[in-house]
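One structure below.
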Amino acid sequence: MGGVESRENCEAVDLNELLRVRRAKLNELYALGINPYGGRFPVTHKAEDILKNFDQLENSPTVIAGRLMAKRTHGKASFGNLQDFSGRIQIYVRKDDVGEDNYELFSRLDLGDIIGVEGTIFRTRRGEISVSAQKITILAKSLRPLPEKWHGLKDVDLRYRQRYLDLIVNPEVKQVFIKRNRLIQSIRQQLDELGFLEVETPMMQTIAGGAAARPFITHHNALNMDLYLRIAPELFLKRLLVGGLERVFEINRNFRNEGISTKHNPEFTMVEMYQAYADYRDMMELAEKLVSRAAQEVVGTMVISYQGHTIDLTPPWKRLSMLEAIEKYVGIDFSKAQTDAEALEMAKHLDLDIDNKATKGTVIFEVFDALVEPKLVQPTFITNHPIEVSPLAKRNAEDPNYTDRFEFFIAGREMGNAFSELNDPIDQRERFLKQVEQRAAGDQEAHMMDEDYIQALEYGMPPAGGMGIGIDRLAMLLTDSASIRDVILFPTMRPRLD
């Protein structure tokens, strides 16, 4: 144990010494009349531009800027690697070209410093495309040393807490977030092409509705009232259907006060959409279009690799009712259960923590959630959810104990949820009242009563299909990321104690 403490103490001393040396260099620059935190610096090329278009740009003047990632000095000539958003390029700095003072400036630079380079594009005798510098300008002095590359890759905690270091040291991480951006652009463009209007609805709400989840609570001082960070935008978007906006969508954050895992972050991004005069079957087709085209545009194919699985996103996708899926993967036919007690008895041997007061519908949903969902690797629509777990969905015409709802699953994860929207205000009130009873019995995820939403429905909401899709989980899928934290720039983390 003493040896470990000694090594840690040495590392702390080494870091403090490096910080001291860099702060001394900063003061030296000020003493020389050099501003180490410069201003505007008009850039003409990115590294990638030069590397891709060298044949047209050879011997052309250029102005580039970025972070110094490597430096090699050889007497009166030096080399460095400059990294900008697009990639890295070599710079060649010769004393005779930049002058003695400017060459001295370059010699004082540390790895991590942000610099500007004015020069000429050329190829070295070894064949490497480079920029021959005529002038070096320091734009931002780095007072902390960058982590070693192996450290940036291995220390997951550091990567998530200090994403800026992760992006600097691990260029492949940047590609994850570029793909995430393209995913969102693809979905937004497709919905726009289909005539959907993008809107914004409140993030702070007086009633937390639209999903079964525990909300975060905040307080508005001026109004002296508690508000909830929204768990879903659903009820506000459907109010817009009442108002005559027939196709609407929103891409934005939701907040749910639940556990953190590789699949869950308390703050997450969803796209939610509603289409008047449609139903859940239209939403199925829309889900297939949005996801398959996004895959084609983001990764160039609908057949992708995710965590060792080959997944084919090409439509059409498999469709199973929840009862069919349970019978297929678990071997229990819950359609034979006539009562809640019979359903509980059928599930008894499964070693699941199911409340002995659970209804048949709740038993079915919990068995599916625990034992079927992880097995749905290829894209699959699961339909006909029990009424008890679907308070905002229309009843199925053939069996009113179930709803016209689906969730779709890929790689063993729920990716989206949709249904034919309940637009009967009397039925909706009754379902809310049952949710209120569940809430009073201790279910903190049960829906609250929303009188204003009921009132909106009483004015008349057209029949509609609605769907929500998790952007973060889709981004995980299209970037082959194992954890949701890998696709969120700044995931929620417990504060460090040191």
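Numbering starts fresh at 1 for the residues of each chain in the structure tokens, the chains themselves are lettered A, B, ... in the order given, and ligands are numbered from 1 as they appear.
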
Practice prompt. Write out as a list in words each polymer residue whose atoms come within 10 Å of Ile207 in chain A, counting only C-alpha atoms; drop sequence neighbours fewer than 5 positions from it.
Written response: Pro215, Asp226, Leu227, Tyr228, Leu229, Arg230, Ile231, His447, Met448, Met449, Asp450, Glu451 and Asp452 of chain A

Practice prompt. Just the residues within 10 Å of Met346 in chain A, please, counting only C-alpha atoms, with nothing from its chain fewer than 4 positions along; format it as an MDAnalysis selection string.
Written response: chainID A and resid 332:334 336:337 341:342 350 363

Would you export the selected residues with N, CA and C atoms as a PDB file, in the first residue's frame, please?
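Wrote out-v8.pdb, looks like this:
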ATOM      1  N   ILE A 332     -44.762 -19.309 -22.483  1.00  0.00           N
ATOM      2  CA  ILE A 332     -45.996 -19.174 -21.707  1.00  0.00           C
ATOM      3  C   ILE A 332     -47.062 -18.526 -22.579  1.00  0.00           C
ATOM      4  N   ASP A 333     -48.247 -19.094 -22.606  1.00  0.00           N
ATOM      5  CA  ASP A 333     -49.369 -18.541 -23.368  1.00  0.00           C
ATOM      6  C   ASP A 333     -50.324 -17.846 -22.394  1.00  0.00           C
ATOM      7  N   PHE A 334     -50.102 -16.544 -22.191  1.00  0.00           N
ATOM      8  CA  PHE A 334     -50.919 -15.800 -21.236  1.00  0.00           C
ATOM      9  C   PHE A 334     -52.347 -15.573 -21.724  1.00  0.00           C
ATOM     10  N   LYS A 336     -54.369 -17.751 -22.158  1.00  0.00           N
ATOM     11  CA  LYS A 336     -55.171 -18.742 -21.444  1.00  0.00           C
ATOM     12  C   LYS A 336     -55.519 -18.296 -20.025  1.00  0.00           C
ATOM     13  N   ALA A 337     -54.841 -17.257 -19.547  1.00  0.00           N
ATOM     14  CA  ALA A 337     -55.125 -16.752 -18.191  1.00  0.00           C
ATOM     15  C   ALA A 337     -56.408 -15.937 -18.213  1.00  0.00           C
ATOM     16  N   ALA A 341     -55.091 -13.638 -10.920  1.00  0.00           N
ATOM     17  CA  ALA A 341     -54.465 -14.697 -10.117  1.00  0.00           C
ATOM     18  C   ALA A 341     -53.872 -15.787 -11.004  1.00  0.00           C
ATOM     19  N   GLU A 342     -54.575 -16.129 -12.077  1.00  0.00           N
ATOM     20  CA  GLU A 342     -54.059 -17.157 -12.993  1.00  0.00           C
ATOM     21  C   GLU A 342     -52.784 -16.679 -13.670  1.00  0.00           C
ATOM     22  N   LEU A 350     -40.881 -18.116 -12.811  1.00  0.00           N
ATOM     23  CA  LEU A 350     -39.907 -17.351 -13.602  1.00  0.00           C
ATOM     24  C   LEU A 350     -38.899 -16.589 -12.751  1.00  0.00           C
ATOM     25  N   VAL A 363     -48.547  -8.217 -15.234  1.00  0.00           N
ATOM     26  CA  VAL A 363     -47.724  -9.435 -15.245  1.00  0.00           C
ATOM     27  C   VAL A 363     -47.166  -9.667 -16.641  1.00  0.00           C
TER      28      VAL A 363
END

Within 12 Å of range 370-389 of chain A, which residues of range 193-252 of chain A come that close, and what is the closest atom pair and distance in Å for each? Count only C-alpha atoms and give it as a Markdown table.
| residue | atom | partner | partner_atom | distance |
| --- | --- | --- | --- | --- |
| A:Ala211 | CA | A:Val389 | CA | 10.0 |
| A:Ala212 | CA | A:Val389 | CA | 8.5 |
| A:Ala213 | CA | A:Val389 | CA | 11.9 |

Discussion item. As a PyMOL selection string, please: the residues near Arg485 in chain A (cut-off 9 Å, only C-alpha atoms, same-chain neighbours under 2 positions excluded).
Written reply: chain A and resi 160+261-265+472+481-483+487-492

Worksheet entry | Contact residues around Thr62 in chain A with only C-alpha atoms at 12 Å, ignoring same-chain residues under 5 positions, as a count of residues only | 24

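Distances here use only C-alpha atoms; by that measure, the residue among A:Gly33, A:Gly112, A:Pro400, A:Pro171 closest to Pro145 in chain A is A:Gly112.
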
Discussion item. To one decimal place in Å, what is the distance between CA of Phe249 in chain A and CA of Asp282 in chain A?
Written reply: 15.2 Å

Show which residues sit within 10 Å of Glu366 in chain A, as a tab-separated table (two decimals) with C-alpha atoms, in the first residue's frame. Count only C-alpha atoms, and ignore same-chain residues fewer than 4 positions away.
chain	number	residue	atom	x	y	z
A	347	ALA	CA	-45.38	-16.48	-13.95
A	352	LEU	CA	-39.27	-12.38	-11.20
A	353	ASP	CA	-40.09	-9.80	-8.54
A	354	ILE	CA	-43.74	-9.26	-9.46
A	358	ALA	CA	-50.40	-7.14	-10.03
A	361	GLY	CA	-51.73	-6.93	-17.94
A	362	THR	CA	-48.97	-5.85	-15.57
A	370	ALA	CA	-37.44	-8.93	-18.26
A	371	LEU	CA	-37.28	-12.03	-20.46
A	372	VAL	CA	-38.18	-11.12	-24.04

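CA of Gln275 in chain A lies 11.2 Å from CA of Met461 in chain A.
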
Could you give me, as a PDB file with C-alpha atoms, in the first residue's frame, the residues within 9 Å of Phe419 in chain A, counting only C-alpha atoms and dropping anything in the same chain fewer than 2 positions from it?
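The file below, out.pdb, is the result:
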ATOM      1  CA  ASP A 279     -52.815   5.338 -36.557  1.00  0.00           C
ATOM      2  CA  TYR A 280     -50.118   3.120 -35.083  1.00  0.00           C
ATOM      3  CA  ARG A 281     -49.726   1.210 -38.345  1.00  0.00           C
ATOM      4  CA  MET A 283     -46.239   5.015 -37.341  1.00  0.00           C
ATOM      5  CA  SER A 390     -50.842   2.200 -21.892  1.00  0.00           C
ATOM      6  CA  LEU A 392     -52.708   7.246 -23.489  1.00  0.00           C
ATOM      7  CA  ALA A 393     -53.309   4.663 -26.242  1.00  0.00           C
ATOM      8  CA  LYS A 394     -56.540   3.646 -27.963  1.00  0.00           C
ATOM      9  CA  THR A 403     -54.219  -1.281 -27.026  1.00  0.00           C
ATOM     10  CA  ASP A 404     -53.209  -0.274 -30.524  1.00  0.00           C
ATOM     11  CA  ARG A 405     -49.657   0.371 -29.439  1.00  0.00           C
ATOM     12  CA  PHE A 406     -46.203  -0.797 -30.396  1.00  0.00           C
ATOM     13  CA  GLU A 407     -42.659  -0.511 -29.199  1.00  0.00           C
ATOM     14  CA  ASN A 417     -42.816   3.758 -28.563  1.00  0.00           C
ATOM     15  CA  GLU A 421     -53.694   8.145 -29.767  1.00  0.00           C
ATOM     16  CA  LEU A 422     -56.606   8.039 -27.371  1.00  0.00           C
ATOM     17  CA  ALA A 464     -53.895  10.368 -34.780  1.00  0.00           C
ATOM     18  CA  GLY A 465     -50.801   8.245 -34.606  1.00  0.00           C
ATOM     19  CA  GLY A 466     -47.923   9.314 -32.386  1.00  0.00           C
ATOM     20  CA  MET A 467     -44.398   8.057 -31.814  1.00  0.00           C
TER      21      MET A 467
END

Discussion item. When DSSP is applied to the backbone of this structure, which of range 261-341 of chain A are assigned alpha helix (DSSP H)? Write them out as JSON, numbers by chain.
Written reply: {"A": [280, 281, 282, 283, 284, 285, 286, 287, 288, 289, 290, 291, 292, 293, 294, 295, 296, 297, 298, 299, 322, 323, 324, 325, 326, 327, 328, 329, 340, 341]}

How about saving the chosen residues, C-alpha atoms kept, as an mmCIF file, in the first residue's frame?
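Done, and the output landed in out.cif:
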data_model
loop_
_atom_site.group_PDB
_atom_site.id
_atom_site.type_symbol
_atom_site.label_atom_id
_atom_site.label_comp_id
_atom_site.auth_asym_id
_atom_site.auth_seq_id
_atom_site.Cartn_x
_atom_site.Cartn_y
_atom_site.Cartn_z
ATOM 1 C CA TYR A 280 -50.118 3.120 -35.083
ATOM 2 C CA ARG A 281 -49.726 1.210 -38.345
ATOM 3 C CA ASP A 282 -48.744 4.422 -40.127
ATOM 4 C CA MET A 283 -46.239 5.015 -37.341
ATOM 5 C CA MET A 284 -44.721 1.576 -38.010
ATOM 6 C CA GLU A 285 -44.040 2.505 -41.605
ATOM 7 C CA LEU A 286 -42.679 5.868 -40.517
ATOM 8 C CA ALA A 287 -40.333 4.239 -37.975
ATOM 9 C CA GLU A 288 -38.939 1.909 -40.637
ATOM 10 C CA LYS A 289 -38.367 4.830 -43.020
ATOM 11 C CA LEU A 290 -36.747 7.131 -40.468
ATOM 12 C CA VAL A 291 -34.338 4.548 -39.046
ATOM 13 C CA SER A 292 -33.358 2.736 -42.248
ATOM 14 C CA ARG A 293 -32.717 5.952 -44.178
ATOM 15 C CA ALA A 294 -30.785 7.431 -41.263
ATOM 16 C CA ALA A 295 -28.558 4.335 -41.227
ATOM 17 C CA GLN A 296 -27.972 4.650 -44.959
ATOM 18 C CA GLU A 297 -27.077 8.333 -44.644
ATOM 19 C CA VAL A 298 -24.969 8.056 -41.489
ATOM 20 C CA VAL A 299 -23.015 4.832 -42.047
ATOM 21 C CA MET A 322 -46.675 -9.023 -26.920
ATOM 22 C CA LEU A 323 -48.471 -12.286 -26.172
ATOM 23 C CA GLU A 324 -46.954 -13.944 -29.264
ATOM 24 C CA ALA A 325 -43.469 -12.771 -28.294
ATOM 25 C CA ILE A 326 -43.787 -14.146 -24.754
ATOM 26 C CA GLU A 327 -45.029 -17.489 -26.033
ATOM 27 C CA LYS A 328 -42.191 -17.643 -28.577
ATOM 28 C CA TYR A 329 -39.324 -16.698 -26.272
ATOM 29 C CA ASP A 340 -55.104 -11.806 -12.496
ATOM 30 C CA ALA A 341 -54.465 -14.697 -10.117
#

Worksheet item: What residues in range 358-495 of chain A get the DSSP label strand (DSSP E or B)? Please answer as JSON, numbers by chain.
Response: {"A": [380, 381, 382, 383, 386, 393, 395, 402, 403, 405, 406, 407, 408, 409, 410, 413, 414, 415, 416, 417, 418, 419, 420, 421, 464, 465, 466, 467, 468, 469, 470]}

Could those residues be written to a file, using N, CA and C atoms, as a PDB file, in the first residue's frame?
ATOM      1  N   THR A 380     -37.671  -5.340 -34.440  1.00  0.00           N
ATOM      2  CA  THR A 380     -38.937  -6.030 -34.214  1.00  0.00           C
ATOM      3  C   THR A 380     -39.963  -5.076 -33.611  1.00  0.00           C
ATOM      4  N   PHE A 381     -41.156  -5.066 -34.191  1.00  0.00           N
ATOM      5  CA  PHE A 381     -42.279  -4.336 -33.605  1.00  0.00           C
ATOM      6  C   PHE A 381     -43.035  -5.266 -32.669  1.00  0.00           C
ATOM      7  N   ILE A 382     -43.253  -4.823 -31.434  1.00  0.00           N
ATOM      8  CA  ILE A 382     -44.078  -5.556 -30.478  1.00  0.00           C
ATOM      9  C   ILE A 382     -45.371  -4.771 -30.290  1.00  0.00           C
ATOM     10  N   THR A 383     -46.506  -5.398 -30.591  1.00  0.00           N
ATOM     11  CA  THR A 383     -47.792  -4.708 -30.597  1.00  0.00           C
ATOM     12  C   THR A 383     -48.689  -5.207 -29.479  1.00  0.00           C
ATOM     13  N   PRO A 386     -50.907  -4.311 -22.978  1.00  0.00           N
ATOM     14  CA  PRO A 386     -52.050  -4.281 -22.063  1.00  0.00           C
ATOM     15  C   PRO A 386     -52.497  -2.860 -21.751  1.00  0.00           C
ATOM     16  N   ALA A 393     -53.122   5.329 -24.954  1.00  0.00           N
ATOM     17  CA  ALA A 393     -53.309   4.663 -26.242  1.00  0.00           C
ATOM     18  C   ALA A 393     -54.755   4.204 -26.408  1.00  0.00           C
ATOM     19  N   ARG A 395     -57.846   1.767 -27.229  1.00  0.00           N
ATOM     20  CA  ARG A 395     -58.119   0.360 -27.029  1.00  0.00           C
ATOM     21  C   ARG A 395     -58.163  -0.361 -28.373  1.00  0.00           C
ATOM     22  N   TYR A 402     -56.437  -4.726 -24.461  1.00  0.00           N
ATOM     23  CA  TYR A 402     -55.151  -4.385 -25.071  1.00  0.00           C
ATOM     24  C   TYR A 402     -55.309  -3.118 -25.905  1.00  0.00           C
ATOM     25  N   THR A 403     -54.190  -2.569 -26.323  1.00  0.00           N
ATOM     26  CA  THR A 403     -54.219  -1.281 -27.026  1.00  0.00           C
ATOM     27  C   THR A 403     -53.546  -1.379 -28.384  1.00  0.00           C
ATOM     28  N   ARG A 405     -50.951  -0.215 -29.790  1.00  0.00           N
ATOM     29  CA  ARG A 405     -49.657   0.371 -29.439  1.00  0.00           C
ATOM     30  C   ARG A 405     -48.541  -0.553 -29.899  1.00  0.00           C
ATOM     31  N   PHE A 406     -47.384   0.029 -30.162  1.00  0.00           N
ATOM     32  CA  PHE A 406     -46.203  -0.797 -30.396  1.00  0.00           C
ATOM     33  C   PHE A 406     -44.977  -0.136 -29.774  1.00  0.00           C
ATOM     34  N   GLU A 407     -44.018  -0.958 -29.457  1.00  0.00           N
ATOM     35  CA  GLU A 407     -42.659  -0.511 -29.199  1.00  0.00           C
ATOM     36  C   GLU A 407     -41.788  -1.241 -30.213  1.00  0.00           C
ATOM     37  N   PHE A 408     -40.719  -0.594 -30.662  1.00  0.00           N
ATOM     38  CA  PHE A 408     -39.820  -1.347 -31.525  1.00  0.00           C
ATOM     39  C   PHE A 408     -38.459  -1.492 -30.852  1.00  0.00           C
ATOM     40  N   PHE A 409     -37.880  -2.664 -31.070  1.00  0.00           N
ATOM     41  CA  PHE A 409     -36.658  -3.069 -30.390  1.00  0.00           C
ATOM     42  C   PHE A 409     -35.584  -3.427 -31.409  1.00  0.00           C
ATOM     43  N   ILE A 410     -34.356  -3.012 -31.110  1.00  0.00           N
ATOM     44  CA  ILE A 410     -33.190  -3.361 -31.922  1.00  0.00           C
ATOM     45  C   ILE A 410     -32.047  -3.612 -30.951  1.00  0.00           C
ATOM     46  N   ARG A 413     -32.857  -3.657 -27.190  1.00  0.00           N
ATOM     47  CA  ARG A 413     -33.218  -2.420 -26.498  1.00  0.00           C
ATOM     48  C   ARG A 413     -34.445  -1.801 -27.140  1.00  0.00           C
ATOM     49  N   GLU A 414     -35.288  -1.200 -26.295  1.00  0.00           N
ATOM     50  CA  GLU A 414     -36.391  -0.420 -26.827  1.00  0.00           C
ATOM     51  C   GLU A 414     -35.832   0.837 -27.483  1.00  0.00           C
ATOM     52  N   MET A 415     -36.243   1.081 -28.723  1.00  0.00           N
ATOM     53  CA  MET A 415     -35.793   2.261 -29.454  1.00  0.00           C
ATOM     54  C   MET A 415     -36.903   3.296 -29.625  1.00  0.00           C
ATOM     55  N   GLY A 416     -38.149   2.833 -29.612  1.00  0.00           N
ATOM     56  CA  GLY A 416     -39.246   3.761 -29.832  1.00  0.00           C
ATOM     57  C   GLY A 416     -40.560   3.202 -29.320  1.00  0.00           C
ATOM     58  N   ASN A 417     -41.512   4.097 -29.131  1.00  0.00           N
ATOM     59  CA  ASN A 417     -42.816   3.758 -28.563  1.00  0.00           C
ATOM     60  C   ASN A 417     -43.864   4.543 -29.344  1.00  0.00           C
ATOM     61  N   ALA A 418     -44.963   3.881 -29.714  1.00  0.00           N
ATOM     62  CA  ALA A 418     -45.968   4.559 -30.528  1.00  0.00           C
ATOM     63  C   ALA A 418     -47.330   3.931 -30.295  1.00  0.00           C
ATOM     64  N   PHE A 419     -48.362   4.712 -30.616  1.00  0.00           N
ATOM     65  CA  PHE A 419     -49.703   4.148 -30.573  1.00  0.00           C
ATOM     66  C   PHE A 419     -50.696   5.006 -31.336  1.00  0.00           C
ATOM     67  N   SER A 420     -51.864   4.402 -31.551  1.00  0.00           N
ATOM     68  CA  SER A 420     -53.015   5.177 -31.999  1.00  0.00           C
ATOM     69  C   SER A 420     -53.474   5.972 -30.785  1.00  0.00           C
ATOM     70  N   GLU A 421     -53.477   7.282 -30.923  1.00  0.00           N
ATOM     71  CA  GLU A 421     -53.694   8.145 -29.767  1.00  0.00           C
ATOM     72  C   GLU A 421     -55.142   8.088 -29.278  1.00  0.00           C
ATOM     73  N   ALA A 464     -55.292  10.089 -34.454  1.00  0.00           N
ATOM     74  CA  ALA A 464     -53.895  10.368 -34.780  1.00  0.00           C
ATOM     75  C   ALA A 464     -53.003   9.209 -34.376  1.00  0.00           C
ATOM     76  N   GLY A 465     -51.872   9.128 -35.026  1.00  0.00           N
ATOM     77  CA  GLY A 465     -50.801   8.245 -34.606  1.00  0.00           C
ATOM     78  C   GLY A 465     -49.678   9.076 -34.037  1.00  0.00           C
ATOM     79  N   GLY A 466     -49.034   8.589 -32.989  1.00  0.00           N
ATOM     80  CA  GLY A 466     -47.923   9.314 -32.386  1.00  0.00           C
ATOM     81  C   GLY A 466     -46.787   8.369 -32.083  1.00  0.00           C
ATOM     82  N   MET A 467     -45.571   8.911 -32.056  1.00  0.00           N
ATOM     83  CA  MET A 467     -44.398   8.057 -31.814  1.00  0.00           C
ATOM     84  C   MET A 467     -43.262   8.875 -31.211  1.00  0.00           C
ATOM     85  N   GLY A 468     -42.543   8.241 -30.289  1.00  0.00           N
ATOM     86  CA  GLY A 468     -41.311   8.807 -29.756  1.00  0.00           C
ATOM     87  C   GLY A 468     -40.160   7.848 -29.996  1.00  0.00           C
ATOM     88  N   ILE A 469     -39.017   8.381 -30.414  1.00  0.00           N
ATOM     89  CA  ILE A 469     -37.829   7.562 -30.691  1.00  0.00           C
ATOM     90  C   ILE A 469     -36.652   8.146 -29.922  1.00  0.00           C
ATOM     91  N   GLY A 470     -35.904   7.283 -29.238  1.00  0.00           N
ATOM     92  CA  GLY A 470     -34.745   7.733 -28.473  1.00  0.00           C
ATOM     93  C   GLY A 470     -33.552   8.007 -29.375  1.00  0.00           C
TER      94      GLY A 470
END

Item to complete: Within 7 Å of Met69 in chain A, counting only C-alpha atoms, which residues show up once you throw out same-chain ones fewer than 6 positions away? Write them as a list of chain:residue names, please.
Response: A:Asn81, A:Leu82, A:Gln83, A:Leu111, A:Gly112

Discussion item. I'd like the interatomic distance between CA of Gly80 in chain A and CA of Asn16 in chain A, to a tenth of an Å.
Written reply: 25.6 Å
